Amino acid sequence: MKSSLNFEQTSQDDLHTGRSPWGGKIANPERAALSASLKTGIAIIGGGITGALTAEHLTSLGHEVTVIDRETLGHGSTKASTAMLQWETDASLQELTELYGFDSAADIYRRSSAAVAGLANLIAEHRIPCSFHPRPTLYLAAGETGERELREELALRHRAGLAGQLLPHAELAQEFGLDREAAILSPGSAEADPLLLCWSLLHIAASRGARLIAADALHFHAEGDRVVVETDGTHVIEARHVVLATGYVMPHFVMPETHATLSSYAICTVPQAPDRLWRDHALIWEATEPYLYMRATADNRIIIGGEDEDIADPQKRDALLPDKTLRLKERLVQLWPQADATISHAWCGAFGETTDGLPLIGSVPGARNIHAAYGYGGNGITFSYLASRMIAAMIAGDRQGWFENFALDRPAPSSC
Ligand SMILES: Cc1cc2nc3c(=O)[nH]c(=O)nc-3n(C[C@H](O)[C@H](O)[C@H](O)COP(=O)(O)OP(=O)(O)OC[C@H]3O[C@@H](n4cnc5c(N)ncnc54)[C@H](O)[C@@H]3O)c2cc1C
C-alpha cells in the first residue's frame with residue numbers, strides 16, 4: 001500500500017489549500033448537533049458530493065437517512081474539485097482491456113457514460129442551480145500517445161458502442177485552435193460547480209426528511225443486524241446500514257491495496273472575453289500520466305490543472321503551490337496562447353487514486369452492512385453518482401455481477 005491520510009486526524013484543511021472558485025449562490029446547509037443517541041435507517045458518513053448524491057438518491061427511494069459530517073458540508077475535497085464530469089476514465093479503454101479484457105472494460109466505460117447522463121438528468125429534473133453544462137471532451141495526443149494510438153483507442157470505443165471522432169492535426173488546429181498531433185472528440189461529458197451541486201442535493205435530501213448531523217464518526221461495530229457508529233461525544237448512531245463517503249480518508253478496516261494518495265494542483269484565470277475561449281468550451285485533457293487538463297467556467301474563466309506529485313503530506317504539498325502555480329500558468333500559455341493568463345485562484349489538494357483508475361464501491365469485506373462509496377481518480381464525481389446507485393441496489397439486496405469490477409477487494413493490478 002502507498003501513502004494514505006489518517007482517518008481520525010485528517011481535517012478538511014489538510015485536504016486542500018488555496019482558493020477555488022466555487023459556491024456562493026446558495027446557502028450551505030446547516031448541521032444539527034447530536035444531542036442524543038439516535039436510530040436511523042441509513043447513516044451516511046461524509047457530506048461531500050458522494051454523501052450528497054447518496055442521500056438524495058436514498059431519500060428519493062423512501063429510506064430514512066442521516067448524514068454525519070465532522071466539518072462543514074461540501075468543504076472537503078468537493079470544494080477543491082475542478083468538476084469535469086467525464087465518462088472517459090483515467091485509464092484508457094485500451095489499458096482497461098489489457099487489465100480486465102474487452103467485455104469488462106467496455107462495460108465499465110458504458111456505465112461511466114450512463115452515470116454522466118444520469119447525473120445530467122438528475123440536475124435537470126430538480127433544476128439544480130450549479131452551473132451545469134453538457135460539454136464534449138477533447139483527448140489530446142501527448143507523450144507516447146500519437147495519432148496512431150488514438151485511432152486504436154477510438155476503434156475500441158466504437159466497438160464498445162461509444163461515440164467519438166478523431167481530429168487529425170489540421171482539423172484540430174482549424175476547429176479548436178490547438179496545436180497537437182491529433183485528438184479524440186467525444187460527446188456526453190459535462191461541467192458543474194461541485195459545491196453548489198453538493199449543497200443543493202443535501203437541501204433536497206433534507207427537504208425529504210434526511211437529518212444532517214455534526215459529529216465525528218470514530219468507530220463502527222455490529223450489534224445484531226445493526227451497525228453502531230460511535231462518535232466523538234457520548235452519543236451513538238445506530239443504523240441498519242452505514243455508507244462510508246469520507247472521501248480520501250478511509251477507516252483502517254477499509255484501506256484496499258489499490259489505493260494511494262497524491263497531490264494535485266489547479267489555477268483559475270480572470271474571466272476571458274468570450275472570443276478568447278475555444279469551441280464549445282470542450283473539456284480538454286492530455287493522454288499522458290500525470291495528465292494536464294483544462295476547462296472553462298460558466299463566467300468564462302479558464303481552469304487548468306494537473307502537475308500531480310506523489311506526495312500525501314499536506315505541508316509538503318502546500319510548499320509546492322507557488323512553483324506549481326507558475327508552472328501551470330506556463331502550460332496554459334503554451335496550450336492556449338490567446339488566454340489572459342492573469343490568475344484569480346490557485347489551489348492544491350489531496351488526490352486519491354487507484355492503480356486501475358477505477359473507484360472503490362461496495363460492501364466492506366468483513367463488515368456486515370457497511371458499504372463504501374469511494375469515487376477516486378479524475379472521474380471522482382461521475383463515480384460518486386455510480387456509487388449512489390450501486391449502494392442503493394445493494395441495500396435492496398440486488399447485487400449484480402458487474403459490481404465486482406469496482407469491489408474493494410478486487411486484486412490490485414500490477415501495472416496500468
Ligand atoms: C484538485 C482536484 C481536482 C479534481 N478534479 C476533478 C474533476 O475534474 N472531476 C471529478 O469528477 N473529480 C475531480 N476530483 C475528485 C473529486 O473532487 C472527488 O472525487 C470528490 O470531491 C470526492 O468527494 P467526497 O464526497 O467523496 O469527499 P469529500 O468532499 O472529501 O467529503 C468527505 C466528507 O467526509 C467528512 N468526513 C471524513 N471523515 C469523517 C468522519 N470520520 N466523521 C464524519 N465526517 C467525516 C469530511 O469532513 C468531508 O466533508 C478532483 C479532486 C481534486 C483535489
# chains A, B, ... in the order shown; residues from 1 in each chain; ligands from 1

$ residues_near_ligand --ligand "ligand 1" --cutoff "7 Å" --atoms "only C-alpha atoms and all ligand atoms" --output "NGL selection string"
:A and (7-8 or 11-12 or 16 or 45-51 or 68-86 or 215-218 or 245-249 or 264-266 or 348-351 or 374-382 or 384)

$ select_by_dssp --residues "segment 291-384 of chain A" --states "alpha helix (DSSP H)" --output "mmCIF file with N, CA and C atoms, in the first residue's frame"
data_model
loop_
_atom_site.group_PDB
_atom_site.id
_atom_site.type_symbol
_atom_site.label_atom_id
_atom_site.label_comp_id
_atom_site.auth_asym_id
_atom_site.auth_seq_id
_atom_site.Cartn_x
_atom_site.Cartn_y
_atom_site.Cartn_z
ATOM 1 N N PRO A 314 0.342 17.004 3.624
ATOM 2 C CA PRO A 314 -0.221 18.307 3.243
ATOM 3 C C PRO A 314 0.808 19.440 3.241
ATOM 4 N N GLN A 315 1.735 19.429 4.196
ATOM 5 C CA GLN A 315 2.716 20.535 4.250
ATOM 6 C C GLN A 315 3.656 20.503 3.047
ATOM 7 N N LYS A 316 4.110 19.300 2.691
ATOM 8 C CA LYS A 316 4.992 19.184 1.521
ATOM 9 C C LYS A 316 4.222 19.577 0.255
ATOM 10 N N ARG A 317 2.962 19.167 0.191
ATOM 11 C CA ARG A 317 2.116 19.530 -0.959
ATOM 12 C C ARG A 317 1.990 21.044 -1.081
ATOM 13 N N ASP A 318 1.663 21.696 0.046
ATOM 14 C CA ASP A 318 1.410 23.133 0.016
ATOM 15 C C ASP A 318 2.668 23.934 -0.327
ATOM 16 N N ALA A 319 3.833 23.411 0.109
ATOM 17 C CA ALA A 319 5.089 24.133 -0.152
ATOM 18 C C ALA A 319 5.332 24.268 -1.656
ATOM 19 N N LEU A 321 2.976 24.784 -3.908
ATOM 20 C CA LEU A 321 1.905 25.529 -4.598
ATOM 21 C C LEU A 321 2.409 26.738 -5.395
ATOM 22 N N PRO A 322 3.314 27.582 -4.845
ATOM 23 C CA PRO A 322 3.764 28.740 -5.648
ATOM 24 C C PRO A 322 4.444 28.309 -6.956
ATOM 25 N N ASP A 323 5.328 27.306 -6.891
ATOM 26 C CA ASP A 323 6.010 26.833 -8.103
ATOM 27 C C ASP A 323 5.033 26.194 -9.086
ATOM 28 N N LYS A 324 4.121 25.416 -8.539
ATOM 29 C CA LYS A 324 3.153 24.727 -9.410
ATOM 30 C C LYS A 324 2.224 25.746 -10.083
ATOM 31 N N THR A 325 1.913 26.819 -9.372
ATOM 32 C CA THR A 325 1.064 27.870 -9.945
ATOM 33 C C THR A 325 1.754 28.468 -11.174
ATOM 34 N N LEU A 326 3.048 28.760 -11.031
ATOM 35 C CA LEU A 326 3.791 29.326 -12.167
ATOM 36 C C LEU A 326 3.873 28.333 -13.312
ATOM 37 N N ARG A 327 4.124 27.073 -12.971
ATOM 38 C CA ARG A 327 4.261 26.021 -13.988
ATOM 39 C C ARG A 327 2.938 25.862 -14.762
ATOM 40 N N LEU A 328 1.818 25.868 -14.017
ATOM 41 C CA LEU A 328 0.518 25.716 -14.695
ATOM 42 C C LEU A 328 0.225 26.924 -15.583
ATOM 43 N N LYS A 329 0.665 28.093 -15.121
ATOM 44 C CA LYS A 329 0.466 29.298 -15.934
ATOM 45 C C LYS A 329 1.257 29.173 -17.242
ATOM 46 N N GLU A 330 2.505 28.691 -17.132
ATOM 47 C CA GLU A 330 3.316 28.484 -18.346
ATOM 48 C C GLU A 330 2.640 27.505 -19.299
ATOM 49 N N ARG A 331 2.107 26.450 -18.718
ATOM 50 C CA ARG A 331 1.486 25.426 -19.568
ATOM 51 C C ARG A 331 0.201 25.945 -20.213
ATOM 52 N N LEU A 332 -0.490 26.826 -19.509
ATOM 53 C CA LEU A 332 -1.675 27.462 -20.098
ATOM 54 C C LEU A 332 -1.275 28.291 -21.320
ATOM 55 N N VAL A 333 -0.213 29.060 -21.156
ATOM 56 C CA VAL A 333 0.218 29.937 -22.249
ATOM 57 C C VAL A 333 0.698 29.102 -23.455
ATOM 58 N N GLN A 334 1.346 27.951 -23.168
ATOM 59 C CA GLN A 334 1.770 27.076 -24.269
ATOM 60 C C GLN A 334 0.569 26.494 -25.010
ATOM 61 N N LEU A 335 -0.406 26.024 -24.221
ATOM 62 C CA LEU A 335 -1.544 25.316 -24.824
ATOM 63 C C LEU A 335 -2.528 26.282 -25.473
ATOM 64 N N GLY A 380 -13.884 11.266 -10.169
ATOM 65 C CA GLY A 380 -14.436 11.065 -8.834
ATOM 66 C C GLY A 380 -15.936 11.309 -8.766
ATOM 67 N N ILE A 381 -16.416 12.386 -9.362
ATOM 68 C CA ILE A 381 -17.830 12.747 -9.192
ATOM 69 C C ILE A 381 -18.723 11.823 -10.029
ATOM 70 N N THR A 382 -18.266 11.495 -11.229
ATOM 71 C CA THR A 382 -19.013 10.520 -12.044
ATOM 72 C C THR A 382 -19.152 9.220 -11.251
ATOM 73 N N PHE A 383 -18.072 8.809 -10.613
ATOM 74 C CA PHE A 383 -18.102 7.559 -9.859
ATOM 75 C C PHE A 383 -18.930 7.700 -8.589
ATOM 76 N N SER A 384 -18.997 8.915 -8.016
ATOM 77 C CA SER A 384 -19.846 9.112 -6.833
ATOM 78 C C SER A 384 -21.311 8.857 -7.205
#

$ closest_residue --among "A:Leu162, A:Ala214, A:Ala260, A:Val364" --to "Leu5 of chain A" --atoms "only C-alpha atoms"
A:Ala260

$ select_by_dssp --residues "segment 4-251 of chain A" --states "strand (DSSP E)" --output "PyMOL selection string"
chain A and resi 16-18+32-33+38-45+65-69+84-85+133-140+165-168+182-191+211-214+217-223+226-231+236-244

$ closest_residue --among "A:Ala287, A:Ile108, A:Ala407, A:Ile44" --to "Ala160 of chain A" --atoms "only C-alpha atoms"
A:Ile108

$ decode --residues "segment 44-150 of chain A" --atoms "C-alpha atoms" --output "mmCIF file, in the first residue's frame"
data_model
loop_
_atom_site.group_PDB
_atom_site.id
_atom_site.type_symbol
_atom_site.label_atom_id
_atom_site.label_comp_id
_atom_site.auth_asym_id
_atom_site.auth_seq_id
_atom_site.Cartn_x
_atom_site.Cartn_y
_atom_site.Cartn_z
ATOM 1 C CA ILE A 44 -24.049 8.224 5.575
ATOM 2 C CA ILE A 45 -20.655 9.262 6.930
ATOM 3 C CA GLY A 46 -19.486 12.315 4.981
ATOM 4 C CA GLY A 47 -21.441 15.200 3.470
ATOM 5 C CA GLY A 48 -19.362 15.917 0.358
ATOM 6 C CA ILE A 49 -20.594 15.270 -3.172
ATOM 7 C CA THR A 50 -20.581 11.487 -2.637
ATOM 8 C CA GLY A 51 -22.627 11.654 0.553
ATOM 9 C CA ALA A 52 -24.928 14.237 -1.033
ATOM 10 C CA LEU A 53 -25.645 12.141 -4.145
ATOM 11 C CA THR A 54 -26.227 9.090 -1.967
ATOM 12 C CA ALA A 55 -28.516 10.976 0.425
ATOM 13 C CA GLU A 56 -30.570 12.419 -2.435
ATOM 14 C CA HIS A 57 -30.998 9.022 -4.070
ATOM 15 C CA LEU A 58 -31.747 7.035 -0.918
ATOM 16 C CA THR A 59 -34.332 9.579 0.270
ATOM 17 C CA SER A 60 -35.930 9.508 -3.202
ATOM 18 C CA LEU A 61 -36.405 5.756 -2.622
ATOM 19 C CA GLY A 62 -38.099 6.427 0.724
ATOM 20 C CA HIS A 63 -35.226 5.474 3.052
ATOM 21 C CA GLU A 64 -34.717 7.141 6.409
ATOM 22 C CA VAL A 65 -31.304 8.806 6.068
ATOM 23 C CA THR A 66 -28.892 10.587 8.419
ATOM 24 C CA VAL A 67 -25.813 12.347 7.030
ATOM 25 C CA ILE A 68 -22.985 12.796 9.530
ATOM 26 C CA ASP A 69 -20.086 15.172 8.936
ATOM 27 C CA ARG A 70 -17.488 16.366 11.410
ATOM 28 C CA GLU A 71 -16.844 19.612 9.499
ATOM 29 C CA THR A 72 -18.500 21.960 7.006
ATOM 30 C CA LEU A 73 -20.633 20.139 4.438
ATOM 31 C CA GLY A 74 -19.006 20.167 0.993
ATOM 32 C CA HIS A 75 -15.768 21.681 2.252
ATOM 33 C CA GLY A 76 -13.681 18.522 1.883
ATOM 34 C CA SER A 77 -12.242 17.505 -1.482
ATOM 35 C CA THR A 78 -15.517 18.529 -3.138
ATOM 36 C CA LYS A 79 -14.583 22.180 -2.713
ATOM 37 C CA ALA A 80 -11.190 21.555 -4.386
ATOM 38 C CA SER A 81 -12.572 19.666 -7.373
ATOM 39 C CA THR A 82 -12.317 21.063 -10.885
ATOM 40 C CA ALA A 83 -15.581 19.207 -11.598
ATOM 41 C CA MET A 84 -15.048 17.978 -15.126
ATOM 42 C CA LEU A 85 -17.839 15.401 -15.292
ATOM 43 C CA GLN A 86 -16.296 12.954 -17.728
ATOM 44 C CA TRP A 87 -17.118 9.402 -18.702
ATOM 45 C CA GLU A 88 -13.638 8.643 -20.080
ATOM 46 C CA THR A 89 -11.781 7.170 -17.125
ATOM 47 C CA ASP A 90 -8.158 7.856 -16.117
ATOM 48 C CA ALA A 91 -7.215 4.516 -17.682
ATOM 49 C CA SER A 92 -7.910 4.382 -21.409
ATOM 50 C CA LEU A 93 -10.236 1.698 -22.742
ATOM 51 C CA GLN A 94 -7.145 0.049 -24.158
ATOM 52 C CA GLU A 95 -5.434 -0.055 -20.748
ATOM 53 C CA LEU A 96 -8.544 -1.407 -19.044
ATOM 54 C CA THR A 97 -8.887 -4.017 -21.797
ATOM 55 C CA GLU A 98 -5.331 -5.186 -21.134
ATOM 56 C CA LEU A 99 -6.119 -5.474 -17.406
ATOM 57 C CA TYR A 100 -9.602 -6.949 -17.426
ATOM 58 C CA GLY A 101 -10.459 -7.997 -21.000
ATOM 59 C CA PHE A 102 -12.549 -6.121 -23.544
ATOM 60 C CA ASP A 103 -16.011 -7.117 -22.262
ATOM 61 C CA SER A 104 -15.423 -5.873 -18.701
ATOM 62 C CA ALA A 105 -13.550 -2.788 -19.877
ATOM 63 C CA ALA A 106 -16.303 -1.846 -22.347
ATOM 64 C CA ASP A 107 -18.939 -2.402 -19.665
ATOM 65 C CA ILE A 108 -17.066 -0.079 -17.266
ATOM 66 C CA TYR A 109 -16.843 2.633 -19.943
ATOM 67 C CA ARG A 110 -20.532 2.323 -20.820
ATOM 68 C CA ARG A 111 -21.538 2.511 -17.137
ATOM 69 C CA SER A 112 -19.383 5.599 -16.682
ATOM 70 C CA SER A 113 -21.063 7.177 -19.705
ATOM 71 C CA ALA A 114 -24.509 6.281 -18.323
ATOM 72 C CA ALA A 115 -23.511 7.813 -14.968
ATOM 73 C CA VAL A 116 -22.784 11.227 -16.524
ATOM 74 C CA ALA A 117 -26.108 11.034 -18.397
ATOM 75 C CA GLY A 118 -27.880 10.068 -15.151
ATOM 76 C CA LEU A 119 -26.299 12.975 -13.319
ATOM 77 C CA ALA A 120 -27.394 15.352 -16.093
ATOM 78 C CA ASN A 121 -30.981 14.053 -15.819
ATOM 79 C CA LEU A 122 -30.976 14.434 -12.039
ATOM 80 C CA ILE A 123 -29.771 18.039 -12.272
ATOM 81 C CA ALA A 124 -32.342 18.826 -14.972
ATOM 82 C CA GLU A 125 -35.178 17.137 -13.075
ATOM 83 C CA HIS A 126 -34.572 19.234 -9.962
ATOM 84 C CA ARG A 127 -33.393 22.329 -11.867
ATOM 85 C CA ILE A 128 -30.333 22.404 -9.652
ATOM 86 C CA PRO A 129 -28.558 25.772 -9.976
ATOM 87 C CA CYS A 130 -24.966 24.520 -10.221
ATOM 88 C CA SER A 131 -23.631 25.994 -13.492
ATOM 89 C CA PHE A 132 -24.102 22.596 -15.123
ATOM 90 C CA HIS A 133 -23.397 22.474 -18.850
ATOM 91 C CA PRO A 134 -23.069 19.470 -21.171
ATOM 92 C CA ARG A 135 -19.624 19.565 -22.833
ATOM 93 C CA PRO A 136 -17.703 17.477 -25.334
ATOM 94 C CA THR A 137 -14.222 16.306 -24.383
ATOM 95 C CA LEU A 138 -11.013 16.629 -26.359
ATOM 96 C CA TYR A 139 -8.458 13.930 -25.516
ATOM 97 C CA LEU A 140 -5.157 15.268 -26.846
ATOM 98 C CA ALA A 141 -2.224 13.281 -28.190
ATOM 99 C CA ALA A 142 0.742 13.746 -25.854
ATOM 100 C CA GLY A 143 3.913 11.951 -24.845
ATOM 101 C CA GLU A 144 3.985 8.484 -26.385
ATOM 102 C CA THR A 145 0.351 8.658 -27.457
ATOM 103 C CA GLY A 146 0.191 9.930 -31.025
ATOM 104 C CA GLU A 147 -2.418 9.774 -33.782
ATOM 105 C CA ARG A 148 -1.945 6.020 -34.345
ATOM 106 C CA GLU A 149 -2.557 5.202 -30.653
ATOM 107 C CA LEU A 150 -5.593 7.487 -30.533
#
